[in-house]
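S.K.: Structure provided below as structure tokens; questions to follow.
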Amino acid sequence: MLSAFVWYGCLLLLTGVTRSISQRTDPLTPPAPEYAHSIRLDGDIILGGLFPVHARGERGAPCGELKKEKGIHRLEAMLFAIDLINKDPDLLPNVTLGARILDTCSRDTYALEQSLTFVQALIERDSTDVRCASGEQPIFAKPDKIIGVIGAAASSVSIMVANILRLFKIPQISYASTAPELSDNTRYDFFSRVVPPDSYQAQAMLDIVTAMGWNYVSTLASEGNYGESGVEAFVQISRETGGVCIAQSLKIPREPRPGEFDKIILRLLETPSARAIVMFANEDDIRRVLDAAKRNNQTGHFLWVGSDSWGSKISPVVQQESVAEGAITILPKRASIEAFDRYFKSRSLSNNRRNVWFAEFWEENFGCKLGMHGKRPGSPRKCTGLEKVGRDSTYEQEGKVQFVMDAVYAMAHALHRMHRDLCSGYPGLCPRMSNIDGKELLGYIRNVSFNGSAKTLVVFNENGDAPGRYDIYQYQITNKSTEYRIIGHWTDQLHLNINAMQWASGDDVMPTSVCSLPCQMGERKKIVKGVPCCWHCERCEGYHYQASEFTCQICPYELRPDQNRTGCQPIPIIKLEWHSPWAVVPVFIAILGILATTFVVVTFVRYNDTPIVRASGREMSYVLLTGIFLCYVITFPMIGAPGVAVCSFRRIFLGLGMCFSYAALLTKTNRIHRIFEQGKCSVAAPRFISPASQLVITFSLISVQLMGVFVWFVVDPPHTVVDYGEQRTQDPKNARGVLKCDISDLSLICSLGYSILLMVTCTVYAIKTRGVPETFNEAKPIGFTMYTTCIIWLAFIPIFFGTAQSEERMYIQTATLTVSLSLSASVSLGMLYMPKVYIIILHPEQNVPKRKRSFKAIVTAATMTNKLSQLASERPNGEVKTELCESVDNSAPSTKTTYVSYTNHAI
């Protein structure tokens with residue numbers, strides 16, 4: 001290290017002579033190499049400057065080609081700002097600012113080596129063991145003391161330099177470094193910047209992506225602090241806020257191999273739904289990515305969202321405008337400084353000799369060669385020195401010029417306040433500022449507040465960051481030109497003019513970059529595991545509706561999903577209508593039955609004293625006809641609209657009609673059975689065979705039914721219910737609620753069960769009395785009636801209960817029940833009373849009294865008939881005939897035909 005400083009001192013002695021010579025040389029001759037890699041301006045206070053004058057070198061070379069805008073424009077902006085400050089009587093009066101400006105060559109390691117120049121004055125030297133070759137005492141040139149540094153540009157360079165500057169407490173203000181990492185005040189406590197950090201930029205870009213409705217994007221970053229930190233900030237914020245998913249995060253290597261960018265494009269195409277590409281990449285990488293997309297015929301596919309490294313630059317999109325069309329870029333809010341334009345356009349080789357790289361810029365800018373020492377050996381012509389910037393070459397102010405000037409002015413304002421506090425009223429530097437403390441100066445820097453060169457407020461927060469202010473651009477192609485058009489701005493929140501945006505081929509429709517399209521109404525999202533922005537849409541089926549974006553819930557029992565399945569609506573309520581075919585047929589049968597029953601009753605009443613009516617047992621006949629009439633009438637309450645009254649009538653008359661009918665028939669068949677059973681043992685008539693007794697027995701049986709109904713009324717009062725399960729079909733559109741009386745199948749069975757018990761008992765007695773004389777009262781018709789009735793109700797049971805799961809259950813069961821009741825009544829009416837009515841109406845000559853016989857004769861005849869029936873089944877035909885004749889002779893001496901008297905032995 002000591003030998004390096006000795007070499008450096010001797011070099012200064014030699015360059016002192018060459019400097020004076022170079023000032024007298026021809027203006028077209030490049031300046032002497034005294035500060036070939038730096039610019040030095042004398043002053044009371046020296047500021048350091050770091051600028052990427054040259055690009056990164058290739059094949060091991062530290063520096064490459066000259067950067068006209070990012071290097072020379074920014075460098076000149078610092079020189080211009082220092083000139084303005086030195087001329088300003090109100091800012092640092094009587095204090096001259098100087099500068100020591102270095103070239104970083106866009107490489108962090110090279111910049112670190114160069115920045116050692118800034119700390120030389122702070123390193124103590126031990127020269128006791130140092131001697132010159134001549135034996136004389138060595139002379140060490142006193143290095144300039146740098147009290148603050150302006151720069152650097154790239155975040156990676158600023159991070160590298162900040163690590164060494166903080167060791168020597170030298171404040172640093174960057175004009176372009178935006179890496180979020182530099183906001184860490186514990187690691188980079190002497191670092192400040194006049195541009196907002198990428199954390200703000202990442203938030204602004206996320207807000208843009210969200211405003212576009214793009215929830216599935218990929219990221220692309222250049223390897224290094226700027227790109228990686230920017231993408232990391234974007235990913236982190238997107239995770240915290242949600243709503244945006246990262247399909248892929250790709251990195252561009254520092255030294256990309258051939259074909260690397262084609263591979264990147266193919267990788268991005270692996271997730272074709274993620275069309276939006278968020279880029280934190282340097283200018284060169286952006287250009288090569290666009291070129292690779294063009295080579296792979298992906299024009300119009302990708303939706304580029306570029307950071308401030310893209311901004312509104314023309315160089316990345318030259319000759320690949322169609323691929324870049326529609327790109328949305330972001331740039332810290334800035335303004336063009338007209339004073340700088342006038343200054344820079346006035347620069348020439350003769351008046352700008354302090355800039356050691358200006359000659360190289362001159363050659364590059366005008367495409368000419370400066371003498372034999374020119375940097376462009378292949379240039380076709382020589383420079384005249386009379387060229388003019390902006391006249392003989394294109395000129396556009398570089399975007400960071402404003403921030404370079406703001407950084408210099410921030411340092412100047414801090415020094416001015418420091419001078420005011422420490423040297424109040426003292427012209428020039430006072431002794432207290434002869435050795436400026438870097439930490440104290442940092443405090444003044446963090447507290448500055450002034451309107452910058454673009455009339456925007458320059459302030460720093462506790463981390464040394466400037467507030468986030470961005471302009472949002474879109475690269476648009478029109479019929480006349482291509483341009484970056486401002487479509488919005490971001491200052492803590494996004495303000496975006498969607499209507500000003502334009503997409504490929506002039507399409508105004510917003511392109512999409514989503515993993516999955518929004519689900520339709522009535523569909524829920526089933527999120528793909530690990531990717532919350534990707535989902536499958538599942539229809540809410542059955543009786544489920546879309547309760548939220550991600551869930552389906554079942555509707556309450558009395559509701560069904562609406563048409564869009566976004567809510568529930570009441571299920572329509574139906575009942576059996578009179579005009580329904582299921583009602584028309586039972587009603588028609590019932591009306592015919594009622595008319596027929598009424599006709600029979602009227603006929604019997606009119607011919608009440610005729611032999612046939614009297615022999616039929618008038619009292620029991622009217623009871624039976626009442627039951628038949630009730631069986632027909634019950635059809636109307638069963639079909640009528642359910643209500644308390646209708647439900648009450650259903651309970652009362654549902655089993656009552658059958659009970660009347662079969663109680664009367666049972667009493668009659670039981671009487672016949674008792675008569676003939678008694679006759680086998682005695683000639684005396686059995687008890688309780690009179691009409692009055694028969695009525696008492698009948699109504700006793702009926703009272704059991706009425707008592708059961710009464711208990712039913714007390715335990716469970718009649719009311720209506722809506723049965724939603726009866727017609728709860730698979731398709732909710734067809735679901736209906738059935739308005740019905742609250743009569744369960746069990747209650748129905750119990751109500752009809754007693755009547756069916758009477759019917760079965762009556763059938764048993766009918767079978768027992770099947771052997772009575774054919775002409776004895778109604779034993780045979782009653783038997784046929786009961787057999788037919790049993791068949792009807794045996795058919796009723798499987799039909800009624802077998803349709804319990806049918807969608808037409810209400811209609812089928814109601815129709816089956818009413819028709820079965822009507823058919824049962826019709827069988828009784830037809831077999832027991834229609835023959836009598838036929839005789840009464842059409843053959844009145846047969847409606848006459850018959851010869852009377854004694855009870856003993858009747859019983860004897862019935863007994864002999866039974867015996868003959870048994871013998872007929874046991875003997876051959878001849879024997880039967882013989883025995884039959886003997887029996888007739890013995891028991892019936894009279895050879896005349898006998899008739900049963902309906903008058904004396906009426907049932």
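Letters for chains follow the order of the structure tokens (A, B, ...), residue numbers begin at 1 for each chain, and ligand numbers begin at 1 in the order shown.
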Among region 570-731 of chain A, which residues carry a DSSP assignment of helix (DSSP H, G or I), reported as an NGL selection string?
M.R.: :A and (581-606 or 611-615 or 618-633 or 635-639 or 644-679 or 691-715)
S.K.: Please provide as a ChimeraX atom specification all residues within 10 Å of Ala179 (chain A), with the sequence filter that same-chain residues fewer than 2 positions apart are discarded (counting only C-alpha atoms).
M.R.: /A:154-156,158-159,176-177,181-183,196-199,201,224-231,233
S.K.: Compile a residue-level contact table for region 276-388 of chain A against region 447-466 of chain A at a cut-off of 7 Å, reporting for every qualifying residue the shortest atom pair and its distance in Å to one decimal, with only C-alpha atoms counted, rows ordered by chain and ascending number, as JSON lines.
M.R.:
{"residue": "A:Arg334", "atom": "CA", "partner": "A:Ala454", "partner_atom": "CA", "distance": 6.9}
{"residue": "A:Ala335", "atom": "CA", "partner": "A:Ala454", "partner_atom": "CA", "distance": 5.5}
{"residue": "A:Ile337", "atom": "CA", "partner": "A:Ala454", "partner_atom": "CA", "distance": 6.9}
S.K.: Restricting the output to C-alpha atoms, write the selected residues as a PDB file, in the first residue's frame.
M.R.:
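Result file again_9.pdb:
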ATOM      1  CA  ARG A 334     -39.342  13.841 -14.120  1.00  0.00           C
ATOM      2  CA  ALA A 335     -39.130  16.963 -16.242  1.00  0.00           C
ATOM      3  CA  ILE A 337     -34.421  20.865 -17.682  1.00  0.00           C
TER       4      ILE A 337
END
S.K.: Given the choices A:Ala204, A:Ala292, A:Val585, A:Ala247, which gets closest to Pro332 (chain A) if the distance is worked out from only C-alpha atoms?
M.R.: A:Ala204
S.K.: Nearest residue to Lys68 (chain A) out of A:Asp562, A:Glu396, A:Asp723, A:Glu845, using only C-alpha atoms?
M.R.: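 Nearest candidate to Lys68 (chain A) out of A:Asp562, A:Glu396, A:Asp723, A:Glu845: A:Glu396.
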S.K.: When DSSP works through the backbone of this structure, what residues of region 252-309 of chain A end up as strand (DSSP E or B), shown as a VMD selection string?
M.R.: chain A and resid 252 276 to 280 303 to 306
S.K.: Write out as a list in words each polymer residue whose atoms come within 8 Å of region 90-92 of chain A, counting only C-alpha atoms; drop sequence neighbours fewer than 3 positions from it.
M.R.: Ile85, Asn86, Val95, Thr96, Ala412, His413, Leu415, His416 and His419 of chain A
S.K.: Export, as a tab-separated table (two decimals), in the first residue's frame, the selected residues with C-alpha atoms.
M.R.:
chain	number	residue	atom	x	y	z
A	85	ILE	CA	-24.35	26.61	-7.23
A	86	ASN	CA	-21.02	28.38	-7.40
A	95	VAL	CA	-17.79	28.80	-0.78
A	96	THR	CA	-16.72	27.07	-3.98
A	412	ALA	CA	-25.33	21.84	-1.43
A	413	HIS	CA	-28.40	22.67	0.66
A	415	LEU	CA	-23.76	22.14	3.37
A	416	HIS	CA	-25.45	25.52	3.29
A	419	HIS	CA	-22.46	26.44	7.21
S.K.: I'd like the neighbourhood of region 494-504 of chain A as a list in words, where a residue qualifies if any of its atoms comes within 9 Å (using only C-alpha atoms), though same-chain residues fewer than 4 positions away should be ignored.
M.R.: Ala204, Asp207, Ile208, Ala211, Met212, Thr299, Gly300, Ser322, Glu325, Gly326, Ala327, Ile472, Gln474, Tyr475, Gln476, Ile477, Arg485, Ile486, Ile487, Gly488, His489, Trp490, Asp508, Val509, Met510 and Pro511 of chain A
S.K.: Out of A:Lys768, A:Val528, A:Pro718, A:Asp144, which residue has the shortest atom-to-atom distance to Ala645 (chain A) when counting only C-alpha atoms?
M.R.: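 Among A:Lys768, A:Val528, A:Pro718, A:Asp144, it is A:Pro718 that comes nearest to Ala645 (chain A).
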S.K.: Quick check, in Å to one decimal: how far apart do CA of Tyr110 (chain A) and CA of Asp308 (chain A) lie?
M.R.: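 CA of Asp308 (chain A) lies 24.2 Å from CA of Tyr110 (chain A).
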